[in-house]
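Just below is one structure, and these are the notes that go with it.
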Amino acid sequence: MTRTLFASGSVFDVVSGEVWGTDVVVEGNRIVAVGRGLDGDEVVDCSGSLLVPGFIDCHTHVGLTETMKDSFGLARSVRPLSAVPVLRTLLGLGITTVRDAWGADAGMRLAVERGWIEGPEILVSLRQVCTTGGIGDHWSPRVGDVDFFGDPAMPDPVFDGPVEARAVVRRMVRAGADWIKVTATGSMKLARGVHDVQLTPGEMAALVDEATRQGGRGVMVHAHGARAAELAARAGARSVEHGTYLDEAAVGAMAEAGTWLVPTLSVSQSAPDQVSAEAAEAHRRAVKLALDAGVPIAMGTDNPVRPHGEALREIEHLAAAGLGPVGALRAATIDAARLLRLHDDRGEIAAGKRADLVLLSGIGLDPATLESRIVGVWRGGRRVAGTAQPAM
């Protein structure tokens, strides 16, 4: 098996937060050695460059870019096919793993696994499950149910009561879901119900318990308001998504439960003309409260609320919100892997870890420069993007 040597460069050590000069050797899809004076069969010259772990986006929607524009006028095949350029774009940005927060089905995951299309590894949630009237309940007062996404691979997401909560988890698992996504508040985009609490404690507890029973799956909870986030944490949800209006009681419950925050700051910080100044400030304040309380934070974009090509701006927003460059890069690598329970496999440049690597020109850590500095991207040891070529 060919040994590829990444020679004479620097590595970002996510554990120490430091950058240090070293070589890295990859064999197959694994990093097999990190240290000085190593050798290999092929050499990638990394002089003056920085290797960082592949980035992980814990909240994106790879199949919704086109579907969001004209749901009535498009064939069902548009959703999976429109994901192809999105996945290619994300991979080119060095994003090697994504958790899809609904919209991708198990077939998209399989297509990447088998190499039919290029893209990050996808963890799917299929649908955003919700109670009647929630944002996953597509219904019109004129025509009733309007489910643009329903097919056998994308089961009915609506439930009411603890018994139906267990059933909806089982439907998603049967169709191949890796995660269970539930909406506990309304939507910022739709400008309604952001402070609502749309599940009872019994419903939330049933979702979490059933997901745990079904292979230890985690529950990710869309919650803008503090009370819904607190409810999710007290039920044992793995992560709260957005958390725009968190307060001290909510972050206290999250810290106590070990519930992660995926703030998706791009929603409120990247487009000030689309979000009120009050909401943008509340979102930044929520992240600061979470940090001060010791809530773990992972990177997620919620794209295509913003274009997928802007994904790395989320790291910049995290840094500005209080994580700093090192903390933001950790949130996009090892901490994201910890949230997804993949930290034994990826998120760090260390022997035994999967060889998901991004080569950047220069050795600085400024998140604002990441996209312009990408020289090459390797996923599972194979170069998938960029201009860097092995030298014999």
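Chain labels run A, B, ... following the order of the structure tokens; each chain numbers its residues from 1, and ligands are numbered from 1 in the order shown.
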
So that I can check the surroundings of range 32-41 of chain A, please list as a PyMOL selection string every protein, DNA and RNA residue that reaches within 12 Å of it, counting only C-alpha atoms and ignoring chain neighbours fewer than 3 positions away.
chain A and resi 1-13+20-29+44-45+51+348-355+381+390-392

Using only C-alpha atoms, what table do you get, as a Markdown table, when you list each residue of range 82-175 of chain A with an atom no more than 12 Å from range 221-238 of chain A, its nearest pair of atoms, and their distance in Å rounded to one decimal, rows by chain then rising number?
| residue | atom | partner | partner_atom | distance |
| --- | --- | --- | --- | --- |
| A:Ala101 | CA | A:His222 | CA | 9.3 |
| A:Trp102 | CA | A:His222 | CA | 11.2 |
| A:Ser125 | CA | A:Val221 | CA | 11.5 |
| A:Gln128 | CA | A:His222 | CA | 8.7 |
| A:Val129 | CA | A:Val221 | CA | 9.7 |
| A:Cys130 | CA | A:His222 | CA | 10.0 |
| A:Gly134 | CA | A:His222 | CA | 10.9 |
| A:Ile135 | CA | A:His222 | CA | 10.0 |
| A:Gly136 | CA | A:His222 | CA | 10.9 |

Would you mind exporting N, CA and C atoms of the selected residues as an mmCIF file, in the first residue's frame?
data_model
loop_
_atom_site.group_PDB
_atom_site.id
_atom_site.type_symbol
_atom_site.label_atom_id
_atom_site.label_comp_id
_atom_site.auth_asym_id
_atom_site.auth_seq_id
_atom_site.Cartn_x
_atom_site.Cartn_y
_atom_site.Cartn_z
ATOM 1 N N ALA A 101 -29.296 18.273 8.321
ATOM 2 C CA ALA A 101 -30.343 18.553 9.310
ATOM 3 C C ALA A 101 -31.751 18.403 8.758
ATOM 4 N N TRP A 102 -31.897 17.820 7.657
ATOM 5 C CA TRP A 102 -33.073 17.287 6.971
ATOM 6 C C TRP A 102 -33.007 17.675 5.506
ATOM 7 N N SER A 125 -30.628 12.872 8.700
ATOM 8 C CA SER A 125 -31.761 12.855 9.632
ATOM 9 C C SER A 125 -33.087 12.705 8.890
ATOM 10 N N GLN A 128 -37.413 16.773 9.400
ATOM 11 C CA GLN A 128 -37.481 17.402 10.719
ATOM 12 C C GLN A 128 -38.835 17.054 11.318
ATOM 13 N N VAL A 129 -38.797 16.166 12.303
ATOM 14 C CA VAL A 129 -40.050 15.716 12.903
ATOM 15 C C VAL A 129 -40.599 16.823 13.779
ATOM 16 N N CYS A 130 -41.921 16.854 13.914
ATOM 17 C CA CYS A 130 -42.558 17.950 14.647
ATOM 18 C C CYS A 130 -43.965 17.547 15.051
ATOM 19 N N GLY A 134 -46.085 22.353 13.502
ATOM 20 C CA GLY A 134 -44.668 22.705 13.527
ATOM 21 C C GLY A 134 -44.145 22.967 12.127
ATOM 22 N N ILE A 135 -42.894 23.430 12.042
ATOM 23 C CA ILE A 135 -42.394 23.859 10.736
ATOM 24 C C ILE A 135 -42.095 22.686 9.803
ATOM 25 N N GLY A 136 -42.118 21.468 10.319
ATOM 26 C CA GLY A 136 -41.988 20.309 9.445
ATOM 27 C C GLY A 136 -43.333 19.791 8.952
#

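Closest to Glu241 in chain A among A:Ala319, A:Ala282, A:Val182, A:Ile31 is A:Val182, based on only C-alpha atoms.
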
Arg170 in chain A surroundings by only C-alpha atoms, 12 Å radius, close-in-sequence under 4 positions cut, as JSON, numbers by chain:
{"A": [129, 155, 156, 157, 159, 163, 164, 165, 166, 174, 175, 176, 177, 178, 179, 180, 206, 207, 208, 209, 210, 211, 212, 213, 214, 215, 217]}

Would you save the residues from that selection as a short mmCIF file (atom, residue, chain, number, x, y, z; two decimals), in the first residue's frame, using N, CA and C atoms?
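Output contents, as saved in selection33.cif:
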data_model
loop_
_atom_site.label_atom_id
_atom_site.label_comp_id
_atom_site.auth_asym_id
_atom_site.auth_seq_id
_atom_site.Cartn_x
_atom_site.Cartn_y
_atom_site.Cartn_z
N VAL A 129 -38.80 16.17 12.30
CA VAL A 129 -40.05 15.72 12.90
C VAL A 129 -40.60 16.82 13.78
N PRO A 155 -40.03 9.60 5.35
CA PRO A 155 -41.32 9.29 5.97
C PRO A 155 -42.03 10.51 6.56
N ASP A 156 -43.30 10.31 6.88
CA ASP A 156 -44.15 11.33 7.50
C ASP A 156 -43.51 11.79 8.81
N PRO A 157 -43.27 13.11 8.98
CA PRO A 157 -42.57 13.58 10.17
C PRO A 157 -43.47 14.06 11.30
N PHE A 159 -46.11 14.12 14.39
CA PHE A 159 -46.56 13.25 15.48
C PHE A 159 -47.21 14.11 16.56
N VAL A 163 -46.56 8.43 22.48
CA VAL A 163 -46.62 7.18 21.72
C VAL A 163 -46.26 7.44 20.26
N GLU A 164 -46.86 8.48 19.68
CA GLU A 164 -46.53 8.81 18.29
C GLU A 164 -45.09 9.30 18.16
N ALA A 165 -44.54 9.91 19.22
CA ALA A 165 -43.14 10.33 19.19
C ALA A 165 -42.23 9.13 18.99
N ARG A 166 -42.51 8.06 19.69
CA ARG A 166 -41.72 6.84 19.51
C ARG A 166 -41.89 6.29 18.10
N ARG A 174 -36.13 3.29 10.40
CA ARG A 174 -36.41 2.30 9.36
C ARG A 174 -35.94 2.78 7.99
N ALA A 175 -36.03 4.08 7.74
CA ALA A 175 -35.64 4.64 6.44
C ALA A 175 -34.16 5.02 6.40
N GLY A 176 -33.42 4.75 7.49
CA GLY A 176 -31.98 4.93 7.43
C GLY A 176 -31.42 6.14 8.14
N ALA A 177 -32.18 6.81 9.00
CA ALA A 177 -31.69 8.01 9.67
C ALA A 177 -30.55 7.69 10.63
N ASP A 178 -29.51 8.53 10.59
CA ASP A 178 -28.41 8.45 11.55
C ASP A 178 -28.72 9.27 12.80
N TRP A 179 -29.47 10.36 12.61
CA TRP A 179 -29.85 11.27 13.67
C TRP A 179 -31.35 11.54 13.60
N ILE A 180 -31.91 11.97 14.71
CA ILE A 180 -33.31 12.41 14.74
C ILE A 180 -33.31 13.92 14.93
N ALA A 206 -39.80 11.07 25.19
CA ALA A 206 -40.04 9.86 24.42
C ALA A 206 -39.16 9.82 23.17
N LEU A 207 -39.01 10.97 22.50
CA LEU A 207 -38.13 11.03 21.34
C LEU A 207 -36.70 10.62 21.70
N VAL A 208 -36.19 11.23 22.77
CA VAL A 208 -34.80 10.98 23.16
C VAL A 208 -34.62 9.53 23.60
N ASP A 209 -35.57 9.03 24.38
CA ASP A 209 -35.45 7.65 24.86
C ASP A 209 -35.51 6.66 23.71
N GLU A 210 -36.42 6.88 22.78
CA GLU A 210 -36.56 5.94 21.66
C GLU A 210 -35.34 6.01 20.74
N ALA A 211 -34.83 7.23 20.49
CA ALA A 211 -33.64 7.35 19.66
C ALA A 211 -32.46 6.64 20.31
N THR A 212 -32.35 6.74 21.62
CA THR A 212 -31.27 6.06 22.33
C THR A 212 -31.43 4.55 22.22
N ARG A 213 -32.64 4.07 22.34
CA ARG A 213 -32.90 2.63 22.20
C ARG A 213 -32.58 2.15 20.79
N GLN A 214 -32.78 3.01 19.82
CA GLN A 214 -32.56 2.64 18.41
C GLN A 214 -31.11 2.90 18.03
N GLY A 215 -30.22 2.12 18.58
CA GLY A 215 -28.81 2.20 18.19
C GLY A 215 -28.05 3.37 18.78
N ARG A 217 -28.85 6.53 18.84
CA ARG A 217 -28.90 7.72 18.01
C ARG A 217 -29.12 8.97 18.85
#

Leaving out His138 in chain A and any residue of its chain fewer than 4 positions from it, which residues lie within 8 Å of it when counting only C-alpha atoms, given as a JSON list (two decimals) with all heavy atoms, in the first residue's frame?
[["chain", "number", "residue", "atom", "x", "y", "z"],
["A", 145, "ASP", "N", -52.85, 19.13, 3.42],
["A", 145, "ASP", "CA", -51.48, 18.63, 3.39],
["A", 145, "ASP", "C", -50.80, 18.94, 2.07],
["A", 145, "ASP", "O", -51.35, 18.68, 0.99],
["A", 145, "ASP", "CB", -51.47, 17.12, 3.61],
["A", 145, "ASP", "CG", -51.83, 16.76, 5.04],
["A", 145, "ASP", "OD1", -51.65, 17.59, 5.93],
["A", 145, "ASP", "OD2", -52.30, 15.62, 5.25],
["A", 146, "VAL", "N", -49.59, 19.51, 2.15],
["A", 146, "VAL", "CA", -48.79, 19.80, 0.97],
["A", 146, "VAL", "C", -47.37, 19.31, 1.27],
["A", 146, "VAL", "O", -46.51, 20.08, 1.67],
["A", 146, "VAL", "CB", -48.76, 21.31, 0.64],
["A", 146, "VAL", "CG1", -48.03, 21.56, -0.67],
["A", 146, "VAL", "CG2", -50.16, 21.88, 0.58],
["A", 147, "ASP", "N", -47.14, 18.04, 1.11],
["A", 147, "ASP", "CA", -45.84, 17.47, 1.46],
["A", 147, "ASP", "C", -44.99, 17.34, 0.21],
["A", 147, "ASP", "O", -45.15, 16.42, -0.58],
["A", 147, "ASP", "CB", -46.01, 16.11, 2.13],
["A", 147, "ASP", "CG", -44.71, 15.62, 2.75],
["A", 147, "ASP", "OD1", -43.66, 16.24, 2.49],
["A", 147, "ASP", "OD2", -44.75, 14.64, 3.50],
["A", 148, "PHE", "N", -44.08, 18.30, 0.03],
["A", 148, "PHE", "CA", -43.23, 18.31, -1.16],
["A", 148, "PHE", "C", -42.15, 17.24, -1.10],
["A", 148, "PHE", "O", -41.51, 16.95, -2.10],
["A", 148, "PHE", "CB", -42.54, 19.67, -1.29],
["A", 148, "PHE", "CG", -43.46, 20.84, -1.31],
["A", 148, "PHE", "CD1", -43.47, 21.76, -0.26],
["A", 148, "PHE", "CD2", -44.34, 21.04, -2.37],
["A", 148, "PHE", "CE1", -44.32, 22.85, -0.29],
["A", 148, "PHE", "CE2", -45.20, 22.12, -2.39],
["A", 148, "PHE", "CZ", -45.19, 23.04, -1.33]]

Do you have the CA of Arg313 in chain A-CA of Ala279 in chain A distance handy?
18.6 Å
